[in-house]
file my_file-v6.cif (mmCIF, C-alpha atoms)
data_model
loop_
_atom_site.label_atom_id
_atom_site.label_comp_id
_atom_site.auth_asym_id
_atom_site.auth_seq_id
_atom_site.Cartn_x
_atom_site.Cartn_y
_atom_site.Cartn_z
CA MET G 114 81.59 -158.42 -106.81
CA ASN G 115 79.82 -156.86 -103.86
CA THR G 116 79.28 -159.04 -100.84
CA PRO G 117 76.00 -158.25 -99.17
CA GLU G 118 76.30 -157.34 -95.50
CA LEU G 119 74.16 -159.26 -93.07
CA THR G 120 71.82 -157.12 -91.08
CA ARG G 121 71.37 -157.46 -87.34
CA SER G 122 68.03 -159.21 -87.62
CA TRP G 123 69.63 -161.73 -89.99
CA LEU G 124 72.40 -162.34 -87.52
CA SER G 125 70.05 -162.81 -84.59
CA ALA G 126 67.97 -165.26 -86.63
CA ILE G 127 71.14 -167.22 -87.45
CA PHE G 128 72.18 -167.18 -83.80
CA ARG G 129 68.75 -168.47 -82.78
CA THR G 130 69.03 -171.38 -85.23
CA ALA G 131 72.50 -172.18 -83.93
CA PHE G 132 71.26 -172.01 -80.34
CA LEU G 133 68.41 -174.44 -81.00
CA ASP G 134 70.78 -176.80 -82.83
CA SER G 135 73.22 -176.66 -79.93
CA LEU G 136 70.68 -177.65 -77.25
CA PRO G 137 71.11 -181.43 -77.60
CA VAL G 138 74.86 -180.87 -77.66
CA CYS G 139 74.45 -178.82 -74.48
CA ALA G 140 72.78 -181.75 -72.71
CA GLY G 141 75.51 -184.13 -73.80
CA TYR G 142 78.43 -181.78 -73.14
CA VAL G 143 77.27 -180.61 -69.72
CA ALA G 144 76.56 -184.18 -68.59
CA MET G 145 79.78 -185.66 -70.01
CA GLY G 146 81.83 -182.64 -69.00
CA PHE G 147 80.44 -182.88 -65.48
CA ALA G 148 81.53 -186.51 -65.22
CA ALA G 149 85.00 -185.61 -66.54
CA GLY G 150 85.24 -182.69 -64.11
CA VAL G 151 84.28 -184.82 -61.12
CA LEU G 152 86.86 -187.39 -62.19
CA LEU G 153 89.57 -184.71 -62.47
CA ALA G 154 88.80 -183.40 -59.00
CA VAL G 155 88.50 -186.82 -57.35
CA HIS G 156 91.21 -188.81 -59.18
CA GLY G 157 93.54 -186.17 -60.60
CA GLY G 158 95.45 -185.69 -57.36
CA LEU G 159 95.40 -181.90 -57.76
CA GLU G 160 95.12 -179.27 -55.05
CA ASP G 161 93.37 -176.86 -57.38
CA PRO G 162 91.21 -178.81 -59.86
CA LEU G 163 89.07 -175.86 -60.94
CA PRO G 164 91.65 -173.76 -62.84
CA ASN G 165 93.00 -176.94 -64.40
CA ALA G 166 89.49 -177.89 -65.44
CA VAL G 167 88.84 -174.48 -67.02
CA ILE G 168 92.17 -174.38 -68.89
CA SER G 169 92.10 -177.99 -70.11
CA SER G 170 88.46 -177.97 -71.22
CA GLY G 171 88.78 -174.57 -72.87
CA LEU G 172 91.94 -175.55 -74.72
CA CYS G 173 91.23 -179.12 -75.80
CA ILE G 174 87.42 -179.34 -76.11
CA SER G 175 87.63 -183.09 -76.48
CA GLY G 176 85.60 -185.56 -74.44
CA ALA G 177 87.91 -188.54 -74.68
CA LEU G 178 91.00 -186.42 -74.13
CA GLN G 179 89.48 -184.77 -71.06
CA PHE G 180 89.12 -188.17 -69.41
CA MET G 181 92.58 -189.34 -70.49
CA LEU G 182 94.08 -186.11 -69.12
CA VAL G 183 93.00 -187.15 -65.63
CA GLU G 184 95.02 -190.34 -65.96
CA TRP G 185 98.04 -188.50 -67.40
CA ILE G 186 97.96 -185.74 -64.78
CA ARG G 187 97.73 -188.26 -61.97
CA ASN G 188 100.57 -190.40 -63.34
CA GLY G 189 102.72 -187.51 -64.54
CA THR G 190 102.94 -189.17 -67.97
CA ALA G 191 105.90 -188.17 -70.16
CA LEU G 192 105.09 -185.41 -72.65
CA TRP G 193 106.02 -187.41 -75.76
CA GLN G 194 103.59 -190.10 -74.67
CA VAL G 195 100.92 -187.47 -74.11
CA ALA G 196 101.50 -186.18 -77.64
CA PHE G 197 101.51 -189.66 -79.17
CA LEU G 198 98.40 -190.83 -77.34
CA THR G 199 96.56 -187.60 -78.17
CA ILE G 200 97.26 -188.28 -81.83
CA CYS G 201 96.04 -191.89 -81.50
CA LEU G 202 93.00 -190.78 -79.58
CA ASN G 203 91.95 -187.95 -81.87
CA LEU G 204 93.30 -188.96 -85.24
CA ARG G 205 89.84 -188.57 -86.69
CA TYR G 206 90.06 -184.78 -86.15
CA ALA G 207 92.65 -184.67 -88.91
CA VAL G 208 90.00 -185.56 -91.50
CA PHE G 209 87.17 -183.35 -90.25
CA GLY G 210 88.58 -180.25 -91.90
CA LEU G 211 88.57 -181.89 -95.33
CA SER G 212 84.86 -181.30 -95.72
CA LEU G 213 85.08 -177.65 -94.69
CA LEU G 214 88.33 -176.64 -96.43
CA GLU G 215 86.77 -174.36 -98.98
CA GLN G 216 84.37 -172.48 -96.70
CA PHE G 217 86.71 -171.99 -93.76
CA GLY G 218 89.56 -171.20 -96.12
CA ALA G 219 87.62 -168.27 -97.55
CA THR G 220 87.13 -166.52 -94.22
CA GLY G 221 89.48 -164.35 -92.16
CA ARG G 222 92.44 -165.77 -90.25
CA LEU G 223 91.10 -165.16 -86.75
CA ARG G 224 87.70 -166.65 -87.50
CA ARG G 225 89.24 -169.56 -89.33
CA GLY G 226 91.53 -170.17 -86.38
CA TYR G 227 88.65 -170.24 -83.91
CA LEU G 228 86.51 -172.48 -86.13
CA ILE G 229 89.38 -174.97 -86.49
CA TRP G 230 90.13 -174.90 -82.76
CA THR G 231 86.51 -175.70 -81.88
CA LEU G 232 86.01 -178.49 -84.44
CA THR G 233 84.66 -181.25 -82.18
CA ASP G 234 82.67 -184.27 -83.38
CA GLU G 235 79.32 -182.67 -82.64
CA THR G 236 80.18 -179.18 -83.89
CA TRP G 237 81.64 -180.61 -87.07
CA ALA G 238 78.60 -182.80 -87.72
CA LEU G 239 76.20 -179.88 -87.30
CA GLU G 240 78.32 -177.57 -89.44
CA VAL G 241 78.52 -180.06 -92.29
CA ARG G 242 74.77 -180.61 -92.07
CA LYS G 243 74.23 -176.85 -92.37
CA LEU G 244 76.64 -176.65 -95.30
CA ARG G 245 74.77 -179.37 -97.22
CA GLU G 246 71.48 -177.60 -96.49
CA LEU G 247 72.77 -174.29 -97.86
CA GLU G 248 74.27 -176.04 -100.89
CA ARG G 249 70.92 -177.62 -101.70
CA GLU G 250 69.21 -174.24 -101.44
CA ASN G 251 71.81 -172.71 -103.70
CA ALA G 252 71.50 -175.49 -106.26
CA LYS G 253 67.74 -175.07 -106.34
CA LYS G 254 68.13 -171.35 -106.99
CA LEU G 255 70.61 -172.00 -109.79
CA LEU G 256 68.43 -174.61 -111.47
CA SER G 257 65.23 -172.62 -111.30
CA GLY G 258 67.12 -169.67 -112.79
CA SER G 259 65.65 -167.18 -110.37
CA GLY G 260 67.85 -164.52 -108.87
CA GLN G 261 71.16 -163.66 -110.44
CA PRO G 262 73.30 -166.75 -110.10
CA GLY G 263 76.14 -165.20 -112.07
CA GLN G 264 76.53 -162.48 -109.49
CA GLU G 265 75.88 -164.68 -106.52
CA MET G 266 78.50 -167.33 -107.12
CA SER G 267 81.51 -166.78 -104.93
CA GLY G 268 83.72 -169.10 -106.97
CA GLN G 269 85.74 -168.09 -110.00
CA ASP G 270 83.51 -170.02 -112.33
CA VAL G 271 80.90 -167.33 -113.01
CA SER G 272 80.87 -167.25 -116.80
CA ASP G 273 78.68 -170.31 -117.09
CA PRO G 274 76.56 -170.51 -113.97
CA LYS G 275 74.22 -173.13 -115.36
CA GLY G 276 77.04 -175.46 -116.33
CA ALA G 277 78.68 -174.95 -112.97
CA GLY G 278 75.42 -175.76 -111.26
CA MET G 279 74.90 -178.92 -113.28
CA GLN G 280 78.38 -180.39 -113.34
CA SER G 281 80.27 -179.81 -110.15
CA ARG G 282 78.76 -179.41 -106.75
CA PRO G 283 77.56 -175.84 -106.57
CA GLY G 284 79.44 -173.63 -104.15
CA LEU G 285 77.76 -171.16 -101.87
CA SER G 286 76.66 -167.72 -102.93
CA ALA G 287 78.54 -164.90 -101.22
CA ARG G 288 75.55 -164.31 -98.99
CA ALA G 289 75.14 -167.98 -98.11
CA GLN G 290 78.86 -168.17 -97.35
CA LYS G 291 78.46 -165.29 -94.86
CA ARG G 292 75.42 -166.94 -93.31
CA PHE G 293 77.32 -170.18 -93.04
CA ILE G 294 80.31 -168.64 -91.27
CA ALA G 295 78.02 -166.70 -88.92
CA TYR G 296 76.19 -169.93 -88.09
CA CYS G 297 79.45 -171.82 -87.51
CA LEU G 298 80.86 -169.10 -85.25
CA SER G 299 77.68 -169.01 -83.15
CA LEU G 300 77.48 -172.79 -82.90
CA ALA G 301 81.18 -173.20 -82.12
CA GLY G 302 81.02 -170.54 -79.40
CA LEU G 303 77.94 -172.08 -77.81
CA ASN G 304 79.26 -175.65 -77.84
CA HIS G 305 82.61 -174.46 -76.53
CA SER G 306 80.85 -172.74 -73.61
CA TRP G 307 78.72 -175.78 -72.79
CA TRP G 308 81.81 -177.95 -72.55
CA VAL G 309 83.80 -175.56 -70.31
CA LEU G 310 80.70 -175.05 -68.17
CA GLY G 311 80.15 -178.79 -67.70
CA VAL G 312 83.76 -179.63 -66.86
CA SER G 313 84.12 -176.69 -64.46
CA ALA G 314 80.87 -177.49 -62.67
CA GLY G 315 82.00 -181.11 -62.32
CA ALA G 316 85.41 -180.09 -60.97
CA LEU G 317 83.71 -177.79 -58.46
CA ALA G 318 81.29 -180.50 -57.35
CA GLY G 319 84.09 -183.05 -57.16
CA SER G 320 86.34 -180.82 -55.06
CA LEU G 321 83.64 -180.40 -52.42
CA GLU G 322 84.65 -183.84 -51.20
CA LEU G 323 81.20 -185.28 -51.16
CA PRO G 324 80.93 -188.60 -49.39
CA PHE G 325 80.82 -190.54 -52.61
CA ALA G 326 82.44 -193.83 -53.52
CA SER G 327 83.85 -192.98 -56.92
CA THR G 328 85.69 -196.21 -57.74
CA GLY G 329 84.86 -197.13 -61.31
CA ILE G 330 83.58 -193.69 -62.37
CA ASP G 331 86.25 -193.63 -65.08
CA PHE G 332 84.20 -196.24 -66.90
CA ALA G 333 82.29 -193.24 -68.29
CA MET G 334 85.11 -192.75 -70.80
CA THR G 335 84.93 -196.35 -71.97
CA ALA G 336 81.17 -195.94 -72.24
CA LEU G 337 81.64 -192.85 -74.40
CA PHE G 338 83.81 -194.81 -76.85
CA ILE G 339 81.29 -197.66 -76.91
CA VAL G 340 78.54 -195.19 -77.78
CA ILE G 341 80.60 -193.75 -80.63
CA LEU G 342 81.39 -197.27 -81.85
CA VAL G 343 77.70 -198.24 -81.77
CA ASP G 344 76.77 -195.16 -83.81
CA GLN G 345 79.46 -196.01 -86.32
CA CYS G 346 78.18 -199.59 -86.65
CA ARG G 347 74.67 -198.42 -87.50
CA CYS G 348 76.06 -197.72 -90.95
CA PRO G 349 77.15 -200.94 -92.72
CA GLU G 350 80.23 -199.30 -94.27
CA GLY G 351 81.53 -198.46 -90.82
CA ARG G 352 81.59 -202.08 -89.66
CA PRO G 353 84.59 -203.67 -91.47
CA PRO G 354 87.19 -201.15 -90.24
CA ALA G 355 85.72 -201.35 -86.72
CA LEU G 356 85.95 -205.14 -86.80
CA VAL G 357 89.56 -205.02 -87.99
CA GLY G 358 90.39 -202.59 -85.17
CA LEU G 359 88.63 -204.78 -82.62
CA VAL G 360 90.45 -207.96 -83.64
CA ILE G 361 93.93 -206.43 -83.95
CA ALA G 362 93.57 -204.51 -80.67
CA SER G 363 92.36 -207.61 -78.83
CA VAL G 364 95.30 -209.65 -80.08
CA CYS G 365 97.77 -206.92 -79.08
CA LEU G 366 96.10 -206.54 -75.67
CA LEU G 367 96.34 -210.24 -74.87
CA TRP G 368 99.89 -210.37 -76.20
CA LEU G 369 101.44 -207.22 -74.67
CA GLY G 370 98.97 -205.93 -72.10
CA PRO G 371 97.28 -202.51 -72.08
CA ALA G 372 100.41 -200.44 -71.39
CA ARG G 373 102.26 -201.49 -74.55
CA MET G 374 99.50 -202.42 -76.97
CA LEU G 375 98.92 -199.14 -78.83
CA PRO G 376 102.03 -198.70 -81.07
CA PRO G 377 101.91 -202.23 -82.57
CA THR G 378 98.14 -201.94 -82.98
CA ILE G 379 98.44 -198.72 -84.98
CA ALA G 380 101.24 -200.17 -87.11
CA ALA G 381 99.25 -203.33 -87.84
CA LEU G 382 96.16 -201.29 -88.73
CA LEU G 383 98.13 -199.15 -91.20
CA ALA G 384 99.57 -202.27 -92.82
CA VAL G 385 96.20 -204.03 -93.11
CA PHE G 386 94.40 -201.00 -94.52
CA LEU G 387 97.12 -200.26 -97.05
CA VAL G 388 97.48 -203.87 -98.24
CA TRP G 389 93.78 -204.67 -98.54
CA ARG G 390 92.82 -201.22 -99.69
CA ARG G 391 90.14 -202.32 -102.13
CA ARG G 392 88.16 -204.15 -99.48
CA PHE G 393 87.66 -200.98 -97.45
CA GLY G 394 86.42 -198.59 -100.10
CA TRP G 395 84.81 -196.80 -97.26
CA GLN G 396 82.61 -193.74 -97.53
CA ALA G 397 81.66 -191.59 -94.58
CA CYS G 398 78.11 -192.13 -93.40
CA GLY G 399 75.33 -189.61 -93.38
CA MET D 292 99.34 -174.35 -60.46
CA ASN D 293 101.60 -177.29 -61.04
CA LEU D 294 104.02 -176.76 -63.94
CA GLN D 295 104.03 -180.39 -65.04
CA THR D 296 100.24 -180.49 -65.10
CA LEU D 297 100.16 -177.33 -67.19
CA ALA D 298 102.71 -178.82 -69.59
CA ILE D 299 100.62 -181.96 -70.03
CA ILE D 300 97.49 -179.92 -70.69
CA GLY D 301 99.42 -177.64 -73.04
CA VAL D 302 100.88 -180.49 -75.10
CA ALA D 303 97.54 -182.28 -75.35
CA GLY D 304 95.79 -179.05 -76.37
CA ALA D 305 98.44 -178.10 -78.92
CA VAL D 306 98.41 -181.55 -80.54
CA CYS D 307 94.61 -181.47 -80.61
CA ILE D 308 94.52 -178.11 -82.38
CA LEU D 309 97.28 -179.14 -84.81
CA LEU D 310 95.28 -182.27 -85.69
CA ARG D 311 92.21 -180.18 -86.40
CA ALA D 312 94.27 -177.74 -88.46
CA PHE D 313 96.06 -180.52 -90.34
CA PRO D 314 94.03 -180.46 -93.57
CA PHE D 315 94.08 -176.66 -93.65
CA LEU D 316 97.85 -176.53 -93.19
CA LEU D 317 98.49 -179.26 -95.73
CA PHE D 318 96.06 -178.54 -98.52
CA GLY D 319 95.12 -174.91 -98.02
CA ARG D 320 92.10 -173.61 -99.84
CA GLY D 321 91.08 -175.25 -103.05
CA GLY D 322 93.82 -177.89 -103.04
CA LYS D 323 92.73 -181.51 -103.31
CA PRO D 324 94.28 -183.99 -100.87
CA PRO D 325 95.46 -187.33 -102.31
CA THR D 326 92.82 -190.05 -102.18
CA THR D 327 95.07 -192.26 -100.06
CA VAL D 328 95.06 -189.62 -97.33
CA ILE D 329 91.28 -189.35 -97.38
CA TYR D 330 90.91 -193.14 -97.40
CA LEU D 331 93.34 -193.66 -94.51
CA GLY D 332 91.73 -190.85 -92.55
CA ARG D 333 88.35 -192.52 -92.82
CA VAL D 334 89.26 -196.13 -92.10
CA LEU D 335 91.76 -195.26 -89.39
CA SER D 336 89.36 -193.00 -87.52
CA ALA D 337 86.72 -195.73 -87.72
CA ALA D 338 89.10 -198.44 -86.52
CA THR D 339 90.64 -196.28 -83.79
CA ILE D 340 87.37 -196.07 -81.90
CA ALA D 341 87.21 -199.87 -81.70
CA VAL D 342 90.85 -199.95 -80.60
CA LEU D 343 90.09 -197.44 -77.86
CA VAL D 344 87.21 -199.52 -76.56
CA VAL D 345 89.53 -202.54 -76.29
CA TYR D 346 92.28 -200.40 -74.76
CA CYS D 347 90.00 -198.91 -72.10
CA LEU D 348 88.39 -202.23 -71.21
CA GLY D 349 91.84 -203.80 -71.03
CA SER D 350 93.19 -201.01 -68.81
CA ALA D 351 90.22 -201.36 -66.48
CA ILE D 352 90.54 -205.15 -66.25
CA TRP D 353 94.34 -205.15 -65.84
CA SER D 354 94.26 -202.38 -63.22
CA ARG D 355 91.99 -204.30 -60.88
CA PRO D 356 93.23 -207.05 -58.59
CA GLU D 357 92.26 -210.42 -59.93
CA THR D 358 88.88 -211.60 -58.88
CA GLY D 359 87.25 -214.91 -59.48
CA ALA D 360 88.86 -218.30 -59.27
CA GLU D 361 92.51 -217.14 -59.29
CA SER D 362 92.11 -215.11 -56.13
CA GLY D 363 89.55 -217.34 -54.54
CA ALA D 364 87.33 -214.30 -54.14
CA PRO D 365 83.74 -214.72 -53.10
CA GLY D 366 80.90 -213.30 -55.12
CA LEU D 367 79.42 -213.90 -58.53
CA ALA D 368 82.72 -213.76 -60.41
CA GLY D 369 84.11 -216.39 -58.09
CA LEU D 370 81.29 -218.65 -59.10
CA LEU D 371 81.51 -217.85 -62.76
CA GLN D 372 85.30 -217.77 -62.83
CA ILE D 373 85.53 -215.04 -65.42
CA ARG D 374 88.01 -212.22 -65.20
CA GLY D 375 86.70 -208.87 -66.37
CA LEU D 376 83.08 -209.94 -66.11
CA ALA D 377 82.01 -206.56 -64.71
CA GLU D 378 83.66 -204.75 -67.62
CA PHE D 379 81.99 -206.93 -70.23
CA LEU D 380 78.57 -206.73 -68.58
CA ALA D 381 78.77 -202.94 -68.27
CA ALA D 382 79.98 -202.63 -71.87
CA GLY D 383 77.04 -204.78 -72.94
CA ILE D 384 74.64 -202.55 -71.03
CA VAL D 385 76.00 -199.40 -72.69
CA ALA D 386 76.01 -200.91 -76.18
CA SER D 387 72.53 -202.40 -76.01
CA LEU D 388 70.95 -199.33 -74.37
CA HIS D 389 72.40 -197.05 -77.03
CA TRP D 390 71.70 -199.45 -79.90
CA TRP D 391 67.98 -199.67 -79.13
CA LEU D 392 67.15 -196.41 -77.37
CA LYS D 393 69.64 -194.11 -79.15
CA LYS D 394 70.14 -192.12 -75.96
CA PRO D 395 73.92 -191.70 -75.61
CA VAL D 396 73.93 -189.85 -72.28
CA LEU D 397 71.50 -192.30 -70.68
CA ALA D 398 73.54 -195.26 -71.92
CA ILE D 399 76.79 -193.81 -70.57
CA PHE D 400 75.33 -192.99 -67.16
CA ALA D 401 73.47 -196.27 -66.76
CA GLY D 402 76.50 -198.30 -67.82
CA THR D 403 78.85 -196.39 -65.52
CA ALA D 404 76.49 -196.65 -62.58
CA ALA D 405 76.03 -200.38 -63.18
CA TYR D 406 79.81 -200.83 -63.39
CA MET D 407 80.44 -198.92 -60.16
CA LEU D 408 77.76 -200.94 -58.40
CA MET D 409 79.19 -204.20 -59.68
CA ILE D 410 82.80 -203.61 -58.66
CA GLN D 411 82.03 -201.83 -55.40
CA THR D 412 79.36 -204.05 -53.95
CA ALA D 413 78.75 -207.17 -56.00
CA GLY D 414 82.39 -208.24 -55.96
CA LEU D 415 82.49 -208.97 -59.66
#

call {"tool": "encode", "arguments": {"input": "my_file-v6.cif", "output": "C-alpha cells"}}
result
Amino acid sequence: MNTPELTRSWLSAIFRTAFLDSLPVCAGYVAMGFAAGVLLAVHGGLEDPLPNAVISSGLCISGALQFMLVEWIRNGTALWQVAFLTICLNLRYAVFGLSLLEQFGATGRLRRGYLIWTLTDETWALEVRKLRELERENAKKLLSGSGQPGQEMSGQDVSDPKGAGMQSRPGLSARAQKRFIAYCLSLAGLNHSWWVLGVSAGALAGSLELPFASTGIDFAMTALFIVILVDQCRCPEGRPPALVGLVIASVCLLWLGPARMLPPTIAALLAVFLVWRRRFGWQACG
Amino acid sequence: MNLQTLAIIGVAGAVCILLRAFPFLLFGRGGKPPTTVIYLGRVLSAATIAVLVVYCLGSAIWSRPETGAESGAPGLAGLLQIRGLAEFLAAGIVASLHWWLKKPVLAIFAGTAAYMLMIQTAGL
C-alpha cells in the first residue's frame, strides 16, 4: 500500500489551521504562564528564576504543576512527595492517551515521543476534536462509495471496506493519518512554545523586583482549578464524581488539615468508586 | 543553578511525562485496556479536580494567621466572624464569572485580584 506524501502546500495549510486553533490556547497559556512565572520569581526564593522557568515550563508543560513547583522549590519538598503529588495532581493525563492510542501508535518513535510529552489538556482536546472531524470525513467517503476506500484504509481490514465502515468506527485513511499527525505536531509545537514563552516572560517580569504587593497571587492556581471544575460541571455526568471528591476532601481537610489530607482522600475515593461502580457509569463529555 | 531545585523539576517533569505515556506503555497499539481502568481514569480525574480545589482553599486558609473573632482582628471578617471568608468569596467570584461568561482567563484574573485586594487591604 503506497502512502501518499503530503506536499508543501498541504503542510502549510495544515500548519495554518493548527495556528488558528492554537490562538485561544495562546491567550490562556501566555496569561496563565505569566502569572506562574511571576510567582516563581517572587515566591520561589531563587537567585536565577529565568533558567528555572525555561527548564520547568519546557519539561512539564502543566499549568497546575507549574504553580505547585513554586511551593515545592521554596520549601525544598522531598522528592518522593513531589512524585506522589505530581501523580495526584495530573492523574487525568494517564487517560488522555487512551483516545489517541491507535493514531500515535502508528507514527514514528520520535514523533510519538514528542506528541506524548506535549499532551496537555488543551492540546489533547484540540487533537481529539481534529481526529473526530477526520473520522467523520472518512466515514462519509466510505459510505458514499467515492474514491477507493479499499486502498485508502490504513487498517488491516481492507477486504470488506463497506462492512468495516458500517460496523466499527472507521479508521483514518493513510492520507488522513498523515494529515492528522502533521496537525498534531504543529499544534503541540505551537502550544508548547506559548507556554514556555508565558512562563519565561513572567519570570523575567517578576525578577525585575517591581514594587508590587504580591501576597495572595498564588490564588491564581486555585482559580485555575475552580475554572476546570466549573467546566466539568457543565456536563451532568461530570457532577457526581466531582461532588464525591468535594465531600471526601472536605471531610479529610477538616479532620487532618491540608498537609496530611491527600493520601486518605485518594484512598477513600478509590474505595467509593470501586464499591459503587454502577452509580458512576461515567462517560467523558463532548 | 541549585541542584535540589533541578532535581525537583526533573522528578516532576519525569512523572508528568510517564503519566502521559502510561496508556501507550501499558496497552501499546491496538490493545484494549480493561474497562475498569478506563472507568477509574475517568471518575478519578473528575473527582481529583474537586479535591484540588478543596486542598488549595484549605492550604490558603490554614497558611494565614487567624482573622475574625478568634484573633480579635478588625475589619469585615471580625464583624462576620468567619474564617476563610476571603477564600470563599474569591472562589465564588471565579466560579460565577466563569459559569456565566465562560471566560476562563478573565475569571482567574478577576478572582485573584479580588482575593489579593481582600487579604491585603480589607483585612478579611

call {"tool": "atom_distance", "arguments": {"input": "my_file-v6.cif", "atom1": "atom CA of G:Glu160", "atom2": "atom CA of G:Gly329"}}
result
21.5 Å

call {"tool": "closest_residue", "arguments": {"input": "my_file-v6.cif", "among": "G:Thr130, G:Ser212, G:Ser135, G:Asn304", "to": "chain D", "atoms": "all atoms listed in the file"}}
result
G:Ser212

call {"tool": "resolve_selection", "arguments": {"input": "my_file-v6.cif", "expression": "the PyMOL selection byres ((chain G) within 7 of (chain D))", "output": "PyMOL selection string"}}
result
chain G and resi 141+169+172-173+186+192+195-196+199-200+204-208+210-211+214-215+218+229-230+232+328-330+332-333+335-340+342-343+351+354-355+357-359+362-363+366+371+395+397

call {"tool": "atom_distance", "arguments": {"input": "my_file-v6.cif", "atom1": "atom CA of G:Gln216", "atom2": "atom CA of G:Leu247"}}
result
11.8 Å

call {"tool": "resolve_selection", "arguments": {"input": "my_file-v6.cif", "expression": "the PyMOL selection byres ((chain G and resi 165) around 9)", "output": "tab-separated table (two decimals) with C-alpha atoms, keeping the file's coordinate frame"}}
result
chain	number	residue	atom	x	y	z
G	153	LEU	CA	89.57	-184.71	-62.47
G	159	LEU	CA	95.40	-181.90	-57.76
G	161	ASP	CA	93.37	-176.86	-57.38
G	162	PRO	CA	91.21	-178.81	-59.86
G	163	LEU	CA	89.07	-175.86	-60.94
G	164	PRO	CA	91.65	-173.76	-62.84
G	166	ALA	CA	89.49	-177.89	-65.44
G	167	VAL	CA	88.84	-174.48	-67.02
G	168	ILE	CA	92.17	-174.38	-68.89
G	169	SER	CA	92.10	-177.99	-70.11
G	170	SER	CA	88.46	-177.97	-71.22
G	313	SER	CA	84.12	-176.69	-64.46
G	316	ALA	CA	85.41	-180.09	-60.97
D	292	MET	CA	99.34	-174.35	-60.46
D	296	THR	CA	100.24	-180.49	-65.10
D	297	LEU	CA	100.16	-177.33	-67.19
D	300	ILE	CA	97.49	-179.92	-70.69

call {"tool": "atom_distance", "arguments": {"input": "my_file-v6.cif", "atom1": "atom CA of G:Tyr227", "atom2": "atom CA of G:Met145"}}
result
22.6 Å

call {"tool": "closest_residue", "arguments": {"input": "my_file-v6.cif", "among": "G:Glu246, G:Leu317, G:Lys253, G:Arg347", "to": "D:Trp391", "atoms": "only C-alpha atoms"}}
result
G:Arg347

call {"tool": "resolve_selection", "arguments": {"input": "my_file-v6.cif", "expression": "the PyMOL selection byres ((chain G and resi 380) around 12)", "output": "PyMOL selection string"}}
result
(chain G and resi 201+358+361-362+365+374-379+381-387) or (chain D and resi 335+339)

call {"tool": "decode", "arguments": {"input": "my_file-v6.cif", "residues": "stretch 218-229 of chain G", "atoms": "C-alpha atoms", "output": "compact mmCIF listing (two decimals), in the first residue's frame"}}
result
# COMPACT_ATOMS: atom_id res chain seq x y z
CA GLY G 218 0.98 4.32 17.92
CA ALA G 219 1.18 4.20 14.14
CA THR G 220 3.72 7.01 13.85
CA GLY G 221 7.49 7.05 14.36
CA ARG G 222 9.10 6.83 17.79
CA LEU G 223 10.47 10.36 17.91
CA ARG G 224 7.22 11.95 16.81
CA ARG G 225 5.22 9.75 19.13
CA GLY G 226 7.50 10.71 21.99
CA TYR G 227 7.06 14.42 21.35
CA LEU G 228 3.29 14.12 20.95
CA ILE G 229 3.02 12.24 24.26
